[in-house]
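Dropping query-v1.txt in here (compact mmCIF, C-alpha atoms):
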```
# COMPACT_ATOMS: atom_id res chain seq x y z
CA MET A 1 -39.26 18.99 -3.90
CA SER A 2 -36.82 17.72 -6.49
CA ASP A 3 -34.64 14.66 -5.98
CA ASP A 4 -31.68 17.01 -5.96
CA THR A 5 -33.09 18.80 -2.93
CA ILE A 6 -33.59 15.51 -1.13
CA GLY A 7 -29.98 14.55 -1.83
CA LYS A 8 -28.84 17.73 -0.14
CA GLU A 9 -31.14 17.25 2.83
CA GLY A 10 -33.26 20.18 1.85
CA HIS A 11 -30.52 22.80 1.68
CA ASP A 12 -31.82 24.15 -1.62
CA HIS A 13 -32.69 27.59 -0.34
CA ASP A 14 -33.80 29.18 -3.55
CA ALA A 15 -36.60 26.66 -3.77
CA THR A 16 -37.59 26.32 -0.13
CA GLU A 17 -36.61 29.58 1.59
CA HIS A 18 -39.99 31.19 1.19
CA GLY A 19 -41.99 28.37 2.79
CA PRO A 20 -40.22 27.81 6.11
CA ALA A 21 -39.11 31.44 6.43
CA ALA A 22 -42.70 32.66 6.15
CA ARG A 23 -43.97 29.96 8.47
CA ILE A 24 -41.40 30.65 11.19
CA LYS A 25 -42.27 34.33 10.94
CA ALA A 26 -45.95 33.45 11.38
CA LEU A 27 -45.18 31.29 14.41
CA GLU A 28 -43.14 34.07 15.98
CA GLN A 29 -45.85 36.66 15.30
CA LEU A 30 -48.62 34.54 16.84
CA LEU A 31 -46.50 33.59 19.84
CA SER A 32 -45.55 37.23 20.40
CA GLU A 33 -49.21 38.28 20.29
CA LYS A 34 -49.93 35.71 22.99
CA GLY A 35 -47.03 37.00 25.07
CA ILE A 36 -45.23 33.64 24.98
CA VAL A 37 -42.10 34.96 23.24
CA ASP A 38 -40.64 38.34 22.41
CA ALA A 39 -38.12 39.27 19.75
CA ALA A 40 -35.51 40.51 22.22
CA ALA A 41 -35.45 37.23 24.14
CA LEU A 42 -35.10 35.29 20.89
CA ASP A 43 -32.29 37.60 19.73
CA LYS A 44 -30.48 37.00 23.02
CA ILE A 45 -30.56 33.21 22.54
CA ILE A 46 -29.26 33.52 18.97
CA GLU A 47 -26.54 35.94 20.04
CA ARG A 48 -25.38 33.56 22.77
CA TYR A 49 -24.97 30.59 20.46
CA GLU A 50 -23.69 32.48 17.45
CA HIS A 51 -21.03 34.48 19.25
CA LEU A 52 -20.49 33.58 22.90
CA VAL A 53 -20.47 29.79 23.09
CA GLY A 54 -18.16 27.82 20.85
CA PRO A 55 -15.28 25.36 20.57
CA ARG A 56 -12.78 27.83 22.10
CA ASN A 57 -14.34 26.81 25.45
CA GLY A 58 -13.56 23.16 24.79
CA ALA A 59 -10.06 24.07 23.64
CA ARG A 60 -9.41 25.77 27.01
CA VAL A 61 -10.53 22.60 28.79
CA VAL A 62 -8.20 20.45 26.65
CA ALA A 63 -5.20 22.74 27.11
CA ARG A 64 -5.74 22.81 30.88
CA ALA A 65 -6.00 18.98 30.90
CA TRP A 66 -2.68 18.80 29.01
CA THR A 67 -0.85 21.09 31.40
CA ASP A 68 -2.39 20.43 34.81
CA PRO A 69 -2.39 16.73 35.89
CA ALA A 70 -4.65 17.40 38.89
CA PHE A 71 -7.21 19.13 36.66
CA ARG A 72 -6.97 16.27 34.18
CA LYS A 73 -7.82 13.81 36.94
CA ARG A 74 -10.79 15.91 38.05
CA LEU A 75 -11.95 16.26 34.43
CA PHE A 76 -12.21 12.51 33.85
CA ALA A 77 -13.83 12.00 37.26
CA ASP A 78 -16.42 14.81 36.88
CA ALA A 79 -16.28 16.90 33.70
CA VAL A 80 -19.19 19.14 34.73
CA ALA A 81 -17.41 20.26 37.90
CA ALA A 82 -14.05 20.60 36.13
CA CYS A 83 -15.55 22.79 33.37
CA ALA A 84 -17.32 24.90 35.98
CA GLU A 85 -13.85 25.71 37.40
CA LEU A 86 -13.16 27.42 34.06
CA GLY A 87 -16.54 29.17 34.13
CA ILE A 88 -18.03 26.85 31.50
CA SER A 89 -21.59 25.54 31.99
CA GLY A 90 -25.06 25.73 30.45
CA PRO A 91 -27.81 23.81 28.65
CA GLU A 92 -26.84 20.50 27.03
CA GLY A 93 -23.74 20.41 29.25
CA GLY A 94 -25.20 19.38 32.59
CA HIS A 95 -24.06 15.79 32.14
CA LEU A 96 -20.78 16.21 30.32
CA VAL A 97 -18.33 13.30 30.13
CA ALA A 98 -14.75 13.68 28.91
CA VAL A 99 -13.21 10.72 27.08
CA GLU A 100 -9.48 10.36 26.60
CA ASN A 101 -7.59 9.51 23.44
CA THR A 102 -4.45 7.45 24.05
CA PRO A 103 -1.93 5.72 21.78
CA ARG A 104 -4.22 2.66 22.02
CA VAL A 105 -7.75 4.12 21.96
CA HIS A 106 -9.32 6.70 19.65
CA ASN A 107 -12.75 8.11 20.56
CA LEU A 108 -15.47 9.38 18.21
CA VAL A 109 -18.77 11.04 19.20
CA VAL A 110 -22.11 10.85 17.36
CA CYS A 111 -25.83 11.09 18.05
CA THR A 112 -27.53 8.60 15.73
CA LEU A 113 -31.09 9.46 16.85
CA CYS A 114 -30.98 13.25 16.60
CA SER A 115 -28.17 15.76 17.15
CA CYS A 116 -27.07 15.69 20.80
CA TYR A 117 -23.87 17.70 21.21
CA PRO A 118 -22.06 19.34 24.15
CA TRP A 119 -23.12 22.96 23.57
CA PRO A 120 -21.20 24.68 26.43
CA VAL A 121 -17.82 23.33 25.29
CA LEU A 122 -18.30 23.11 21.49
CA GLY A 123 -21.16 25.49 20.66
CA LEU A 124 -23.81 24.34 18.20
CA PRO A 125 -22.93 21.44 15.90
CA PRO A 126 -21.92 21.96 12.26
CA ALA A 127 -24.33 20.71 9.59
CA TRP A 128 -22.26 17.60 8.86
CA TYR A 129 -22.58 16.35 12.46
CA LYS A 130 -26.38 16.43 12.00
CA SER A 131 -26.29 14.92 8.50
CA PHE A 132 -27.83 11.56 7.67
CA ALA A 133 -24.49 10.29 6.35
CA TYR A 134 -22.65 10.98 9.63
CA ARG A 135 -25.48 9.82 11.90
CA SER A 136 -25.96 6.54 10.04
CA ARG A 137 -22.33 5.57 9.41
CA ALA A 138 -20.36 6.80 12.43
CA VAL A 139 -21.41 3.69 14.39
CA SER A 140 -21.13 1.06 11.63
CA ASP A 141 -18.19 2.48 9.65
CA PRO A 142 -16.32 4.88 11.95
CA ARG A 143 -12.97 4.28 10.25
CA GLY A 144 -14.47 5.01 6.84
CA VAL A 145 -16.10 8.20 8.12
CA MET A 146 -12.84 9.39 9.70
CA ARG A 147 -11.00 8.64 6.48
CA GLU A 148 -13.38 11.06 4.72
CA PHE A 149 -12.08 13.68 7.17
CA GLY A 150 -8.51 12.73 6.27
CA LEU A 151 -7.92 10.73 9.43
CA GLU A 152 -6.55 7.20 9.15
CA ILE A 153 -6.65 5.25 12.42
CA PRO A 154 -4.23 2.25 12.38
CA GLU A 155 -5.84 -1.17 12.83
CA SER A 156 -3.76 -1.61 15.99
CA VAL A 157 -5.70 1.23 17.66
CA GLU A 158 -9.15 0.59 19.15
CA VAL A 159 -11.87 2.92 17.85
CA ARG A 160 -14.49 3.65 20.50
CA VAL A 161 -17.68 5.33 19.27
CA TRP A 162 -19.94 7.09 21.79
CA ASP A 163 -23.59 7.26 20.66
CA SER A 164 -25.14 10.07 22.73
CA SER A 165 -28.50 8.33 23.19
CA ALA A 166 -29.29 9.72 26.67
CA GLU A 167 -28.50 13.02 28.45
CA GLN A 168 -24.74 12.43 28.67
CA ARG A 169 -22.79 14.67 26.30
CA TYR A 170 -19.27 13.73 25.28
CA ILE A 171 -16.10 15.68 24.59
CA VAL A 172 -12.97 13.95 23.30
CA ILE A 173 -9.71 15.00 24.95
CA PRO A 174 -7.24 14.53 22.08
CA GLU A 175 -3.61 13.54 22.58
CA ARG A 176 -1.18 16.39 23.09
CA PRO A 177 1.00 16.61 19.97
CA PRO A 178 4.77 16.16 20.31
CA ASN A 179 7.16 19.14 20.36
CA THR A 180 4.78 21.37 22.30
CA GLU A 181 6.61 21.35 25.64
CA HIS A 182 7.63 24.98 25.17
CA LEU A 183 4.10 26.27 24.52
CA SER A 184 1.95 28.11 27.04
CA GLU A 185 -1.53 26.93 27.96
CA GLU A 186 -2.98 29.65 25.73
CA GLU A 187 -0.80 28.65 22.78
CA LEU A 188 -1.77 25.02 23.28
CA ALA A 189 -5.47 25.95 23.31
CA ALA A 190 -4.96 27.63 19.92
CA LEU A 191 -3.86 24.27 18.48
CA VAL A 192 -7.01 22.46 19.58
CA THR A 193 -9.62 22.10 16.84
CA ARG A 194 -13.35 21.47 17.16
CA ASP A 195 -13.02 18.36 14.98
CA SER A 196 -10.43 16.88 17.33
CA MET A 197 -12.89 17.22 20.22
CA ILE A 198 -15.58 15.35 18.23
CA GLY A 199 -13.00 12.75 17.22
CA VAL A 200 -12.85 13.17 13.43
CA ALA A 201 -9.35 14.67 13.65
CA THR A 202 -6.19 14.50 15.71
CA ILE A 203 -3.96 17.47 16.42
CA ALA A 204 -0.84 17.99 14.35
CA PRO A 205 2.32 19.32 15.99
CA PRO A 206 2.64 23.10 15.49
CA SER A 207 5.48 22.76 12.95
CA LYS A 208 3.19 20.77 10.64
CA LYS A 209 0.00 22.71 11.24
CA SER A 210 -2.33 22.88 8.28
CA PRO A 211 -4.29 26.10 7.87
CA ARG A 212 -7.49 24.17 7.18
CA SER A 213 -7.43 22.13 10.37
CA ARG A 214 -6.56 25.26 12.41
CA GLU A 215 -9.88 26.75 11.37
CA ARG A 216 -11.85 23.73 12.50
CA MET B 1 -41.44 4.04 17.22
CA ASN B 2 -39.34 2.37 14.55
CA GLY B 3 -38.91 5.58 12.58
CA ILE B 4 -36.54 6.88 9.94
CA HIS B 5 -34.77 8.94 12.64
CA ASP B 6 -33.26 5.74 14.07
CA MET B 7 -30.60 5.67 11.38
CA GLY B 8 -27.55 4.25 13.17
CA GLY B 9 -26.07 1.54 10.92
CA MET B 10 -28.10 2.43 7.81
CA ASP B 11 -26.36 2.44 4.44
CA GLY B 12 -26.87 4.53 1.33
CA PHE B 13 -26.51 8.12 2.55
CA GLY B 14 -23.11 8.38 0.91
CA PRO B 15 -19.98 10.13 2.16
CA VAL B 16 -20.16 12.87 4.80
CA GLU B 17 -20.43 16.25 3.07
CA ARG B 18 -18.27 18.78 4.88
CA ASP B 19 -20.92 21.43 5.41
CA GLU B 20 -19.59 23.48 8.33
CA ALA B 21 -22.52 25.88 8.69
CA GLN B 22 -24.46 25.97 11.94
CA PHE B 23 -27.26 27.90 10.25
CA HIS B 24 -28.04 28.31 6.54
CA ALA B 25 -30.54 31.17 6.76
CA GLU B 26 -31.93 33.75 9.19
CA TRP B 27 -35.17 31.79 9.70
CA GLU B 28 -33.17 28.80 10.94
CA LYS B 29 -31.82 30.94 13.77
CA ARG B 30 -35.36 32.00 14.66
CA ALA B 31 -36.45 28.32 14.59
CA PHE B 32 -33.58 27.42 16.95
CA ALA B 33 -34.48 30.22 19.37
CA LEU B 34 -38.22 29.48 19.19
CA ALA B 35 -37.62 25.83 20.07
CA ASN B 36 -35.53 26.88 23.06
CA LEU B 37 -37.90 29.56 24.31
CA ALA B 38 -41.45 28.89 23.12
CA LEU B 39 -41.50 25.18 23.88
CA VAL B 40 -40.22 25.71 27.40
CA ARG B 41 -42.74 28.47 28.03
CA ALA B 42 -45.50 26.34 26.48
CA GLY B 43 -44.66 23.54 28.90
CA ALA B 44 -43.31 21.03 26.37
CA ASN B 45 -40.42 18.85 27.49
CA VAL B 46 -37.40 17.86 25.40
CA ASP B 47 -38.62 14.29 24.96
CA GLU B 48 -41.92 15.53 23.50
CA PHE B 49 -39.92 17.73 21.14
CA ARG B 50 -37.66 14.90 19.98
CA HIS B 51 -40.70 12.66 19.50
CA ALA B 52 -42.51 15.37 17.50
CA ILE B 53 -39.52 15.36 15.10
CA GLU B 54 -39.64 11.56 14.90
CA ARG B 55 -43.35 11.65 14.07
CA ILE B 56 -42.69 13.52 10.81
CA PRO B 57 -43.56 11.05 7.99
CA PRO B 58 -40.32 9.39 6.77
CA ALA B 59 -40.34 10.78 3.22
CA ARG B 60 -40.85 14.31 4.55
CA TYR B 61 -38.23 13.81 7.27
CA LEU B 62 -35.61 12.90 4.67
CA ALA B 63 -36.61 15.71 2.31
CA SER B 64 -36.49 18.42 5.00
CA SER B 65 -33.52 20.37 6.21
CA TYR B 66 -32.55 20.05 9.88
CA TYR B 67 -34.30 23.24 11.03
CA GLU B 68 -37.31 22.54 8.82
CA ARG B 69 -37.80 19.43 10.95
CA TRP B 70 -37.52 21.62 14.06
CA MET B 71 -40.06 24.03 12.60
CA ILE B 72 -42.52 21.21 11.92
CA ALA B 73 -42.05 19.84 15.44
CA ILE B 74 -42.55 23.25 17.07
CA GLU B 75 -45.75 23.80 15.11
CA THR B 76 -46.99 20.26 15.81
CA LEU B 77 -46.59 20.63 19.57
CA LEU B 78 -48.03 24.15 19.78
CA VAL B 79 -51.07 23.13 17.74
CA GLU B 80 -51.60 19.88 19.67
CA LYS B 81 -51.37 21.75 22.96
CA GLY B 82 -54.05 24.14 21.79
CA ILE B 83 -51.74 27.16 21.98
CA LEU B 84 -51.80 27.94 18.27
CA ASP B 85 -54.41 27.38 15.59
CA ARG B 86 -53.12 25.84 12.36
CA ALA B 87 -55.56 27.88 10.26
CA ALA B 88 -54.16 31.10 11.75
CA ILE B 89 -50.59 30.02 10.95
CA ASP B 90 -51.66 29.09 7.40
CA ARG B 91 -53.33 32.46 6.94
CA ILE B 92 -50.33 34.53 8.04
CA ALA B 93 -47.74 32.34 6.29
CA GLN B 94 -49.92 32.16 3.17
CA SER B 95 -49.29 28.41 2.90
CA SER B 96 -51.20 25.30 3.89
CA GLY B 97 -50.50 23.13 6.95
CA VAL B 98 -46.95 21.89 6.70
CA VAL B 99 -47.33 18.24 7.59
CA GLU B 100 -49.60 15.62 9.12
CA PRO B 101 -47.51 13.97 11.85
CA ALA B 102 -47.94 10.39 13.00
CA PRO B 103 -50.14 10.18 16.09
CA CYS B 104 -48.58 10.30 19.53
CA ILE B 105 -49.08 6.78 20.90
CA PRO B 106 -47.73 6.24 24.40
CA ALA B 107 -46.17 2.89 25.25
CA GLU B 108 -48.16 0.61 27.52
CA TYR B 109 -45.55 0.98 30.19
CA LYS B 110 -45.18 -1.33 33.13
CA PRO B 111 -42.31 -0.11 35.27
CA ARG B 112 -39.95 -2.98 35.97
CA SER B 113 -38.77 -1.39 39.17
CA ARG B 114 -40.24 1.38 41.26
CA SER B 115 -37.06 1.82 43.21
CA LEU B 116 -34.26 4.23 42.37
CA ARG B 117 -31.75 1.68 43.58
CA ALA B 118 -29.48 0.54 40.74
CA ARG B 119 -30.19 -3.08 39.83
CA LEU B 120 -27.15 -3.25 37.55
CA ALA B 121 -23.54 -2.15 37.99
CA ALA B 122 -20.36 -1.41 36.07
CA GLY B 123 -18.84 -4.69 34.91
CA ASP B 124 -22.20 -6.48 34.48
CA MET B 125 -22.82 -8.33 31.23
CA VAL B 126 -26.18 -7.19 29.86
CA ARG B 127 -28.38 -7.57 26.82
CA ALA B 128 -30.45 -4.77 25.32
CA ARG B 129 -34.06 -5.95 25.30
CA VAL B 130 -35.99 -6.40 22.08
CA ILE B 131 -38.72 -3.80 22.40
CA ASP B 132 -40.67 -2.04 19.67
CA PRO B 133 -42.80 0.61 21.33
CA MET B 134 -45.13 2.61 19.08
CA GLY B 135 -44.18 5.70 21.07
CA HIS B 136 -40.87 7.42 21.81
CA THR B 137 -37.81 5.46 22.84
CA ARG B 138 -34.07 6.09 23.02
CA LEU B 139 -33.17 2.42 22.65
CA VAL B 140 -31.54 2.45 19.21
CA GLY B 141 -32.68 -0.29 16.85
CA TYR B 142 -29.18 -1.45 16.04
CA ALA B 143 -28.53 -2.49 19.67
CA ARG B 144 -31.76 -4.39 20.39
CA GLY B 145 -31.09 -7.99 21.36
CA ARG B 146 -27.32 -7.41 21.44
CA SER B 147 -25.01 -8.12 24.36
CA GLY B 148 -22.53 -5.79 25.99
CA VAL B 149 -20.91 -4.84 29.26
CA ILE B 150 -21.71 -1.89 31.53
CA LEU B 151 -18.84 0.61 31.68
CA ALA B 152 -20.42 3.08 34.07
CA ASP B 153 -23.58 3.87 36.02
CA ARG B 154 -24.38 7.48 35.05
CA GLY B 155 -26.99 8.05 37.76
CA VAL B 156 -30.75 8.59 37.67
CA TYR B 157 -32.64 10.20 34.75
CA VAL B 158 -36.21 10.79 33.61
CA PHE B 159 -37.41 7.92 31.39
CA PRO B 160 -38.00 9.39 27.90
CA ASP B 161 -40.37 6.61 26.77
CA THR B 162 -43.04 7.85 29.17
CA ASN B 163 -41.97 11.47 29.63
CA ALA B 164 -42.42 12.13 25.89
CA HIS B 165 -46.08 11.23 26.32
CA ARG B 166 -46.49 13.05 29.64
CA ALA B 167 -47.12 9.64 31.20
CA GLY B 168 -44.77 10.04 34.15
CA GLU B 169 -41.07 10.58 34.73
CA ASN B 170 -40.32 7.01 35.92
CA ARG B 171 -36.78 8.05 36.92
CA GLN B 172 -34.23 5.24 36.73
CA HIS B 173 -30.54 4.57 36.28
CA VAL B 174 -28.80 5.12 32.95
CA TYR B 175 -25.72 3.07 32.10
CA SER B 176 -23.03 3.45 29.47
CA VAL B 177 -22.96 0.04 27.81
CA GLU B 178 -20.04 -1.04 25.67
CA PHE B 179 -20.76 -3.32 22.70
CA ARG B 180 -18.19 -4.99 20.47
CA ALA B 181 -18.63 -3.44 17.03
CA ARG B 182 -18.82 -6.98 15.60
CA GLU B 183 -21.67 -7.84 17.99
CA LEU B 184 -23.61 -5.01 16.34
CA PHE B 185 -22.42 -5.04 12.73
CA GLY B 186 -20.77 -8.41 12.12
CA ASP B 187 -17.61 -9.00 10.16
CA ARG B 188 -17.61 -5.64 8.39
CA ALA B 189 -16.57 -4.06 11.70
CA SER B 190 -13.01 -4.15 13.02
CA PRO B 191 -12.58 -6.82 15.72
CA ARG B 192 -10.97 -4.19 17.94
CA ASP B 193 -13.67 -1.53 17.79
CA ARG B 194 -16.42 -0.75 20.31
CA VAL B 195 -19.61 1.27 20.40
CA VAL B 196 -20.77 2.73 23.71
CA ILE B 197 -24.49 3.49 24.06
CA ASP B 198 -26.24 5.15 27.01
CA LEU B 199 -29.20 2.99 28.02
CA TRP B 200 -31.91 3.28 30.67
CA GLU B 201 -32.24 0.37 33.09
CA ASP B 202 -35.59 -0.73 31.64
CA TYR B 203 -33.89 -1.26 28.26
CA LEU B 204 -31.52 -3.84 29.76
CA GLU B 205 -31.58 -7.34 31.18
CA PRO B 206 -28.75 -9.40 32.66
CA ASP B 207 -27.11 -11.38 29.89
CA SER B 208 -27.67 -15.10 30.33
CA ARG B 209 -24.68 -15.71 28.08
CA ASP B 210 -22.50 -14.11 30.77
CA ALA B 211 -19.37 -16.22 30.69
CA PRO B 212 -15.95 -15.62 32.21
CA GLY B 213 -13.28 -14.93 29.66
CA ARG B 214 -15.59 -13.43 27.05
CA ARG B 215 -13.50 -10.84 25.26
CA VAL B 216 -14.04 -7.32 26.51
CA SER B 217 -11.96 -4.17 26.13
CA ALA B 218 -9.30 -3.20 28.66
CA ARG B 219 -11.62 -0.54 30.03
CA ALA B 220 -14.53 -2.96 30.49
CA ALA B 221 -12.16 -5.49 32.07
CA ARG B 222 -11.14 -2.82 34.63
CA ALA B 223 -14.84 -2.27 35.47
CA GLN B 224 -15.26 -6.04 35.93
CA ARG B 225 -12.18 -6.33 38.16
CA ALA B 226 -13.44 -3.42 40.29
CA LYS B 227 -16.83 -5.14 40.58
CA SER B 228 -15.38 -8.44 41.66
CA ALA B 229 -13.05 -6.71 44.15
CA ALA B 230 -16.03 -4.85 45.63
CA ARG B 231 -17.93 -8.12 45.88
CA LYS B 232 -15.04 -9.75 47.74
CA ARG B 233 -14.83 -6.80 50.11
CA GLY B 234 -18.56 -7.12 50.74
CA ALA B 235 -18.24 -10.86 51.43
CA ARG B 236 -15.47 -10.33 53.94
CA ARG B 237 -17.55 -7.85 55.90
```
Rewrite the structure from the file as structure tokens, please.
Amino acid sequence: MSDDTIGKEGHDHDATEHGPAARIKALEQLLSEKGIVDAAALDKIIERYEHLVGPRNGARVVARAWTDPAFRKRLFADAVAACAELGISGPEGGHLVAVENTPRVHNLVVCTLCSCYPWPVLGLPPAWYKSFAYRSRAVSDPRGVMREFGLEIPESVEVRVWDSSAEQRYIVIPERPPNTEHLSEEELAALVTRDSMIGVATIAPPSKKSPRSRER
Amino acid sequence: MNGIHDMGGMDGFGPVERDEAQFHAEWEKRAFALANLALVRAGANVDEFRHAIERIPPARYLASSYYERWMIAIETLLVEKGILDRAAIDRIAQSSGVVEPAPCIPAEYKPRSRSLRARLAAGDMVRARVIDPMGHTRLVGYARGRSGVILADRGVYVFPDTNAHRAGENRQHVYSVEFRARELFGDRASPRDRVVIDLWEDYLEPDSRDAPGRRVSARAARAQRAKSAARKRGARR
């Protein structure tokens, strides 16, 4: 592999596609012959995580927490039970913990050892969350990392980084932006971005919404 | 093992590249699904899987994409468990064996407590032990020997250091431990910032430097006040 490939963490598909693609195909073929897996079951798993589970689930949780004080209380006491109220559960979410951003504390989530991430509320992680740069620096230079995402946290605010080193999975409950009193729970959920629930973004008021952050 | 995967606090990887993709190719989706289905059906646990990724030689680990590392780990476990034959995979894939992983060396584990009763509590000052097992561990290198305060007892979990080697579940309490960022990374960190790490009880010992008035965050101070209130209630009883 070229140095260039290493720099991009192996995402040079033209050069490497054939190797792993052929090898995964071989693994699947041999495992199917042994009756351990079948294509339909694999398709079902892919379908679930590509299309059914994603950050819209987390956004519903955040919007409910913003609008329903009793739910908010239950969420911080037991996030698994609170999410189950909204029909949200599944693998990598059995030990979910919600952490609250306030004017004095900003939370950021990472998994330095691998790629632990709260699948039922956020779906599968984007490549950058699993990248060596994010994993290595989120704990030692969280403010620098957030700045790369366009987020400047004032020195007066405490940054609290959660390294998901065990089976707990973390979701950040961002602060509700100002001037949203008139919005419905559904409209509020539409403001909530995936990045804000990881902690690399905050949520702009609707009047100042940027198209880019809406997508994420 | 002190592997390349334990990269918290490392420098030199540059800025975070905003690659939003969950998958980069069709085979990556198959690798994801195979890990979820085949490993479970083959009787491999998640700790074995994580350790199989960590056992990839460092240079290869860094040169591989995320799902390439998964692919190597899947193959490693299925071959080691005698379910698949590497030569058969090589023949069908028309390539040679992908990687020679480091051996799986279980820790010489002596349980420090056989009881499920929590020996530590929210508010306790603790120190992460200095351990360097040759096998799997979830005690990150950057916290070893450092002092913090327990924010919460998260309940009882399987101990990955032995479970990854099929050497017993050794269930024990896991605690969220808050460290001052400066305790971990010195003056380059902001004096205000904290890092919270989830640690199994066997990774921790009471901190002998426990001293009243040592600066902790507002949240940790609440845990300490609750602890001392509970202690007073207990004493009155």
Taking all atoms listed in the file into account, produce a table as CSV in which each residue of chain A with an atom at most 8 Å from an atom of chain B appears once, together with its shortest atom pair and the distance in Å to one decimal, ordered by chain and rising number.
```
residue,atom,partner,partner_atom,distance
A:Met1,CA,B:Ala63,CA,7.5
A:Thr5,CA,B:Ala63,CA,7.0
A:Ile6,CA,B:Ala63,CA,4.6
A:Gly7,CA,B:Ala63,CA,7.9
A:Glu9,CA,B:Ser65,CA,5.2
A:Gly10,CA,B:Ser65,CA,4.4
A:His11,CA,B:Ser65,CA,6.0
A:Gly19,CA,B:Ser95,CA,7.3
A:Pro20,CA,B:Glu68,CA,6.6
A:Ala21,CA,B:Trp27,CA,5.1
A:Ala22,CA,B:Ala93,CA,5.1
A:Arg23,CA,B:Ala93,CA,5.0
A:Ile24,CA,B:Ala31,CA,6.4
A:Lys25,CA,B:Ala93,CA,7.5
A:Ala26,CA,B:Ala93,CA,5.5
A:Leu27,CA,B:Ile89,CA,6.5
A:Glu28,CA,B:Leu34,CA,7.5
A:Leu30,CA,B:Leu84,CA,7.5
A:Leu31,CA,B:Ala38,CA,7.6
A:Ile36,CA,B:Ala38,CA,6.3
A:Val37,CA,B:Ala38,CA,6.1
A:Leu42,CA,B:Ala33,CA,5.3
A:Asp43,CA,B:Ala33,CA,7.7
A:Ile45,CA,B:Ala33,CA,5.9
A:Ile46,CA,B:Ala33,CA,6.2
A:Thr112,CA,B:Gly8,CA,5.0
A:Leu113,CA,B:Asp6,CA,5.1
A:Cys114,CA,B:His5,CA,7.0
A:Leu124,CA,B:Gln22,CA,6.5
A:Pro125,CA,B:Gln22,CA,6.2
A:Pro126,CA,B:Gln22,CA,4.8
A:Ala127,CA,B:Asp19,CA,5.4
A:Trp128,CA,B:Asp19,CA,5.3
A:Lys130,CA,B:Tyr66,CA,7.5
A:Ser131,CA,B:Val16,CA,7.4
A:Phe132,CA,B:Phe13,CA,6.3
A:Ala133,CA,B:Phe13,CA,4.8
A:Tyr134,CA,B:Val16,CA,5.8
A:Arg135,CA,B:Gly8,CA,6.1
A:Ser136,CA,B:Gly8,CA,4.2
A:Arg137,CA,B:Gly9,CA,5.7
A:Ala138,CA,B:Gly8,CA,7.7
A:Val139,CA,B:Gly9,CA,6.2
A:Ser140,CA,B:Gly9,CA,5.0
A:Asp141,CA,B:Ala189,CA,7.0
A:Val145,CA,B:Val16,CA,7.0
A:Glu148,CA,B:Val16,CA,7.0
A:Glu155,CA,B:Ser190,CA,7.8
A:Ser156,CA,B:Arg192,CA,7.9
A:Val157,CA,B:Arg192,CA,7.6
A:Glu158,CA,B:Asp193,CA,5.2
A:Val159,CA,B:Asp193,CA,4.8
A:Arg160,CA,B:Arg194,CA,4.8
A:Val161,CA,B:Val195,CA,4.6
A:Trp162,CA,B:Val196,CA,4.8
A:Asp163,CA,B:Ile197,CA,5.2
A:Ser164,CA,B:Asp198,CA,6.6
A:Ser165,CA,B:Asp198,CA,5.5
A:Ala166,CA,B:Asp198,CA,5.5
A:Gln168,CA,B:Asp198,CA,7.6
```
Which residue gives the smallest distance to B:Trp70 among A:Thr202, A:Thr193, A:Ser115, A:Asn179, with all atoms listed in the file counted? A:Ser115
Could you give me, as a VMD selection string, the residues within 12 Å of A:Arg194, counting only C-alpha atoms and dropping anything in the same chain fewer than 2 positions from it? (chain A and resid 54 to 60 62 109 117 to 119 121 to 126 129 171 to 174 189 to 192 196 to 203 212 to 216) or (chain B and resid 20)
Please, could you write that set of residues out with C-alpha atoms as a CSV table (one decimal), keeping the file's coordinate frame?
```csv
chain,number,residue,atom,x,y,z
A,54,GLY,CA,-18.2,27.8,20.8
A,55,PRO,CA,-15.3,25.4,20.6
A,56,ARG,CA,-12.8,27.8,22.1
A,57,ASN,CA,-14.3,26.8,25.4
A,58,GLY,CA,-13.6,23.2,24.8
A,59,ALA,CA,-10.1,24.1,23.6
A,60,ARG,CA,-9.4,25.8,27.0
A,62,VAL,CA,-8.2,20.4,26.6
A,109,VAL,CA,-18.8,11.0,19.2
A,117,TYR,CA,-23.9,17.7,21.2
A,118,PRO,CA,-22.1,19.3,24.2
A,119,TRP,CA,-23.1,23.0,23.6
A,121,VAL,CA,-17.8,23.3,25.3
A,122,LEU,CA,-18.3,23.1,21.5
A,123,GLY,CA,-21.2,25.5,20.7
A,124,LEU,CA,-23.8,24.3,18.2
A,125,PRO,CA,-22.9,21.4,15.9
A,126,PRO,CA,-21.9,22.0,12.3
A,129,TYR,CA,-22.6,16.4,12.5
A,171,ILE,CA,-16.1,15.7,24.6
A,172,VAL,CA,-13.0,14.0,23.3
A,173,ILE,CA,-9.7,15.0,25.0
A,174,PRO,CA,-7.2,14.5,22.1
A,189,ALA,CA,-5.5,26.0,23.3
A,190,ALA,CA,-5.0,27.6,19.9
A,191,LEU,CA,-3.9,24.3,18.5
A,192,VAL,CA,-7.0,22.5,19.6
A,196,SER,CA,-10.4,16.9,17.3
A,197,MET,CA,-12.9,17.2,20.2
A,198,ILE,CA,-15.6,15.4,18.2
A,199,GLY,CA,-13.0,12.8,17.2
A,200,VAL,CA,-12.8,13.2,13.4
A,201,ALA,CA,-9.4,14.7,13.6
A,202,THR,CA,-6.2,14.5,15.7
A,203,ILE,CA,-4.0,17.5,16.4
A,212,ARG,CA,-7.5,24.2,7.2
A,213,SER,CA,-7.4,22.1,10.4
A,214,ARG,CA,-6.6,25.3,12.4
A,215,GLU,CA,-9.9,26.8,11.4
A,216,ARG,CA,-11.8,23.7,12.5
B,20,GLU,CA,-19.6,23.5,8.3
```
